[in-house]
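Q: Starting off with a structure, shown below.
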Amino acid sequence: MPQAITPTTPEQQDGVFAKEHQAMNIGTIQSNAQGHLSGSLATVMVAMTFALREVESRNDKAPRFEILTRNTGGAFVQVGALWEKAALETGECYLQGRIDDPSLTRPLPISAFKQDDGSYNLVWSRPRARRRADAFSPVGTA
């Protein structure tokens, strides 16, 4: 069952995560004996196992991994991607991306944080709505 966490993540170290996000562990990613990464996630509406395929690209903006899962016919299909990010203050690396599919009402934003044993915790977070700066300004001053 997913559980609420107090993230000790690179984003939190930047002082933004705790104020604007609520995070929840929803899965894990592990490496098998051949070094291939695969994982699973579970939410109320989504349960899936997936594999990560490294993206080979010279483009700095390309994702690090494609997220693949099997469709009902057994074929692998891409349902997302993960980009490698670094915390501003510590330089610690983590993965960030999303899972999306026509069967979902909206994309599922995810981050993956490496653990001491080499696995990753898969975390979902929903940004809180930001207040507009002029929302409470007196009339005529915004």
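Here's how to read the names in the structure tokens: chain A, B, ... by the order shown, residue numbers from 1 in each chain, ligand numbers from 1 in the order shown.
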I'd like the neighbourhood of Pro109 in chain A as JSON, numbers by chain, where a residue qualifies if any of its atoms comes within 8 Å (using only C-alpha atoms), though same-chain residues fewer than 3 positions away should be ignored.

A: {"A": [96, 97, 98, 99, 124, 125, 126]}

Q: Could you write out the selected residues, including N, CA, C and O atoms, as a compact mmCIF listing (two decimals), in the first residue's frame?

A:
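The resulting out-v7.txt:
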# COMPACT_ATOMS: atom_id res chain seq x y z
N GLN A 96 13.42 11.97 -13.01
CA GLN A 96 12.11 12.60 -12.95
C GLN A 96 11.44 12.49 -14.32
O GLN A 96 12.09 12.64 -15.35
N GLY A 97 10.15 12.19 -14.31
CA GLY A 97 9.42 12.08 -15.56
C GLY A 97 7.95 11.87 -15.31
O GLY A 97 7.42 12.33 -14.30
N ARG A 98 7.32 11.16 -16.24
CA ARG A 98 5.91 10.89 -16.08
C ARG A 98 5.52 9.66 -16.88
O ARG A 98 6.19 9.27 -17.84
N ILE A 99 4.41 9.09 -16.46
CA ILE A 99 3.78 7.99 -17.18
C ILE A 99 2.50 8.54 -17.77
O ILE A 99 1.75 9.26 -17.09
N TRP A 124 5.48 9.59 -6.25
CA TRP A 124 4.51 10.41 -6.95
C TRP A 124 4.32 11.68 -6.14
O TRP A 124 4.31 11.66 -4.91
N SER A 125 4.19 12.79 -6.84
CA SER A 125 3.91 14.04 -6.13
C SER A 125 2.98 14.89 -6.96
O SER A 125 3.07 14.92 -8.18
N ARG A 126 2.09 15.56 -6.28
CA ARG A 126 1.16 16.48 -6.94
C ARG A 126 1.51 17.89 -6.51
O ARG A 126 1.46 18.21 -5.32

Q: Distance CA of Ala51 in chain A-CA of Leu68 in chain A, one decimal place?

A: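 So the two atoms, CA of Ala51 in chain A and CA of Leu68 in chain A, lie 5.2 Å apart.
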
Q: For Glu66 in chain A, list every protein, DNA or RNA residue within 9 Å, evaluated using only C-alpha atoms, and leave out those in the same chain fewer than 4 positions away; present the list as a CSV table (one decimal) with all heavy atoms, in the first residue's frame.

A:
chain,number,residue,atom,x,y,z
A,51,ALA,N,9.7,-1.9,-17.5
A,51,ALA,CA,11.1,-1.9,-17.7
A,51,ALA,C,11.6,-0.6,-18.2
A,51,ALA,O,10.8,0.2,-18.8
A,51,ALA,CB,11.4,-3.0,-18.8
A,52,LEU,N,12.8,-0.3,-17.9
A,52,LEU,CA,13.5,1.0,-18.3
A,52,LEU,C,14.4,0.6,-19.4
A,52,LEU,O,15.3,-0.3,-19.3
A,52,LEU,CB,14.2,1.7,-17.2
A,52,LEU,CG,13.3,2.1,-16.0
A,52,LEU,CD1,14.1,2.8,-15.0
A,52,LEU,CD2,12.1,3.0,-16.5
A,53,ARG,N,14.4,1.3,-20.5
A,53,ARG,CA,15.3,1.2,-21.6
A,53,ARG,C,16.1,2.4,-21.8
A,53,ARG,O,15.5,3.5,-21.9
A,53,ARG,CB,14.6,0.9,-22.9
A,53,ARG,CG,15.5,0.7,-24.1
A,53,ARG,CD,14.8,0.2,-25.4
A,53,ARG,NE,13.7,1.1,-25.7
A,53,ARG,CZ,12.8,0.7,-26.6
A,53,ARG,NH1,12.8,-0.5,-27.2
A,53,ARG,NH2,11.8,1.6,-26.9
A,54,GLU,N,17.4,2.3,-21.7
A,54,GLU,CA,18.3,3.5,-21.8
A,54,GLU,C,18.2,4.1,-23.1
A,54,GLU,O,18.2,3.4,-24.2
A,54,GLU,CB,19.7,3.1,-21.5
A,54,GLU,CG,20.6,4.3,-21.2
A,54,GLU,CD,21.9,3.9,-20.4
A,54,GLU,OE1,22.1,2.7,-20.1
A,54,GLU,OE2,22.7,4.8,-20.3
A,55,VAL,N,18.1,5.4,-23.2
A,55,VAL,CA,18.0,6.2,-24.4
A,55,VAL,C,19.4,6.6,-24.9
A,55,VAL,O,20.2,7.1,-24.1
A,55,VAL,CB,17.1,7.4,-24.3
A,55,VAL,CG1,17.2,8.3,-25.5
A,55,VAL,CG2,15.7,7.0,-23.9
A,78,GLN,N,5.7,2.0,-25.1
A,78,GLN,CA,6.3,3.1,-24.3
A,78,GLN,C,5.1,3.8,-23.6
A,78,GLN,O,4.2,4.2,-24.3
A,78,GLN,CB,7.1,4.0,-25.1
A,78,GLN,CG,7.8,5.1,-24.3
A,78,GLN,CD,8.7,6.0,-25.1
A,78,GLN,OE1,9.0,5.8,-26.2
A,78,GLN,NE2,9.1,7.1,-24.4
A,79,VAL,N,5.3,4.0,-22.3
A,79,VAL,CA,4.2,4.8,-21.5
A,79,VAL,C,4.8,6.0,-20.8
A,79,VAL,O,4.1,6.7,-20.1
A,79,VAL,CB,3.5,3.9,-20.5
A,79,VAL,CG1,2.7,2.8,-21.3
A,79,VAL,CG2,4.5,3.2,-19.6
A,80,GLY,N,6.1,6.2,-21.0
A,80,GLY,CA,6.7,7.4,-20.4
A,80,GLY,C,8.2,7.5,-20.6
A,80,GLY,O,8.8,6.7,-21.3
A,81,ALA,N,8.8,8.4,-19.8
A,81,ALA,CA,10.2,8.6,-19.9
A,81,ALA,C,10.7,9.2,-18.6
A,81,ALA,O,9.9,9.8,-17.9
A,81,ALA,CB,10.6,9.6,-21.1
A,82,LEU,N,12.0,9.1,-18.3
A,82,LEU,CA,12.6,9.6,-17.2
A,82,LEU,C,13.9,10.4,-17.6
A,82,LEU,O,14.7,9.9,-18.4
A,82,LEU,CB,13.0,8.5,-16.2
A,82,LEU,CG,11.9,7.8,-15.5
A,82,LEU,CD1,12.5,6.5,-14.8
A,82,LEU,CD2,11.2,8.7,-14.5

Q: Suppose you want the space between CA of Ala112 in chain A and CA of Gly73 in chain A; what is it in Å?

A: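 So the two atoms, CA of Ala112 in chain A and CA of Gly73 in chain A, lie 28.2 Å apart.
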
Q: Pull the strand (DSSP E or B) assignments for range 19-101 of chain A out of DSSP run on the backbone, and list those residues as a PyMOL selection string.

A: chain A and resi 21-31+37-42+47-54+65-70+76-86+93-99

Q: List as a VMD selection string the protein and nucleic acid residues near Ser40 in chain A, meaning an atom at most 12 Å away when only C-alpha atoms are counted, but skip any in the same chain fewer than 2 places from it.

A: chain A and resid 25 to 30 37 to 38 42 to 43 46 to 52 67 to 69 112 119 to 123

Q: Let me make sure I understand: among A:Met45, A:Ala62, A:Cys93, A:Ala75, which one has the smallest atom-to-atom distance to Arg106 in chain A if we use only C-alpha atoms?

A: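 The shortest atom-to-atom distance to Arg106 in chain A comes from A:Met45.
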
Q: Separation of CA of Tyr94 in chain A and CA of Phe113 in chain A, in Å?

A: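 Between CA of Tyr94 in chain A and CA of Phe113 in chain A the gap is 5.2 Å.
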
Q: Give the alpha helix (DSSP H) residues of range 12-122 of chain A, as assigned by DSSP on the backbone, as a compact mmCIF listing (two decimals) with all heavy atoms, in the first residue's frame.

A:
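Output (selection.txt):
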# COMPACT_ATOMS: atom_id res chain seq x y z
N GLN A 12 13.69 18.56 -1.96
CA GLN A 12 13.45 19.10 -0.63
C GLN A 12 14.65 19.93 -0.18
O GLN A 12 14.50 20.96 0.45
CB GLN A 12 13.19 17.99 0.37
CG GLN A 12 12.85 18.54 1.76
CD GLN A 12 12.70 17.45 2.77
OE1 GLN A 12 13.36 16.44 2.70
NE2 GLN A 12 11.83 17.68 3.74
N GLN A 13 15.84 19.48 -0.53
CA GLN A 13 17.03 20.22 -0.15
C GLN A 13 17.05 21.58 -0.81
O GLN A 13 17.69 22.50 -0.32
CB GLN A 13 18.28 19.42 -0.52
CG GLN A 13 18.40 18.14 0.27
CD GLN A 13 19.44 17.21 -0.30
OE1 GLN A 13 20.12 17.53 -1.26
NE2 GLN A 13 19.55 16.04 0.29
N PHE A 17 10.32 21.51 -2.49
CA PHE A 17 9.50 20.30 -2.46
C PHE A 17 8.50 20.31 -1.31
O PHE A 17 7.32 20.12 -1.51
CB PHE A 17 10.39 19.07 -2.38
CG PHE A 17 9.68 17.80 -2.68
CD1 PHE A 17 9.57 17.36 -3.98
CD2 PHE A 17 9.11 17.04 -1.68
CE1 PHE A 17 8.90 16.18 -4.27
CE2 PHE A 17 8.45 15.87 -1.96
CZ PHE A 17 8.34 15.45 -3.26
N ALA A 18 8.97 20.54 -0.10
CA ALA A 18 8.11 20.44 1.07
C ALA A 18 7.00 21.48 1.04
O ALA A 18 5.90 21.21 1.51
CB ALA A 18 8.93 20.58 2.34
N LYS A 19 7.26 22.64 0.48
CA LYS A 19 6.26 23.70 0.46
C LYS A 19 5.21 23.50 -0.62
O LYS A 19 4.08 23.89 -0.45
CB LYS A 19 6.95 25.06 0.23
CG LYS A 19 7.84 25.47 1.35
CD LYS A 19 8.52 26.77 1.00
CE LYS A 19 9.56 27.13 2.05
NZ LYS A 19 10.37 28.27 1.67
N GLU A 20 5.58 22.91 -1.75
CA GLU A 20 4.68 22.89 -2.89
C GLU A 20 4.22 21.50 -3.30
O GLU A 20 3.46 21.37 -4.23
CB GLU A 20 5.36 23.57 -4.08
CG GLU A 20 5.67 25.02 -3.79
CD GLU A 20 6.34 25.71 -4.96
OE1 GLU A 20 6.38 25.13 -6.06
OE2 GLU A 20 6.86 26.81 -4.77

Q: Nearest to Lys61 in chain A among A:Asp101, A:Glu84, A:Asp116, A:Glu89, with distances taken over only C-alpha atoms: which residue is it?

A: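 That would be A:Glu84, the residue with the smallest distance to Lys61 in chain A.
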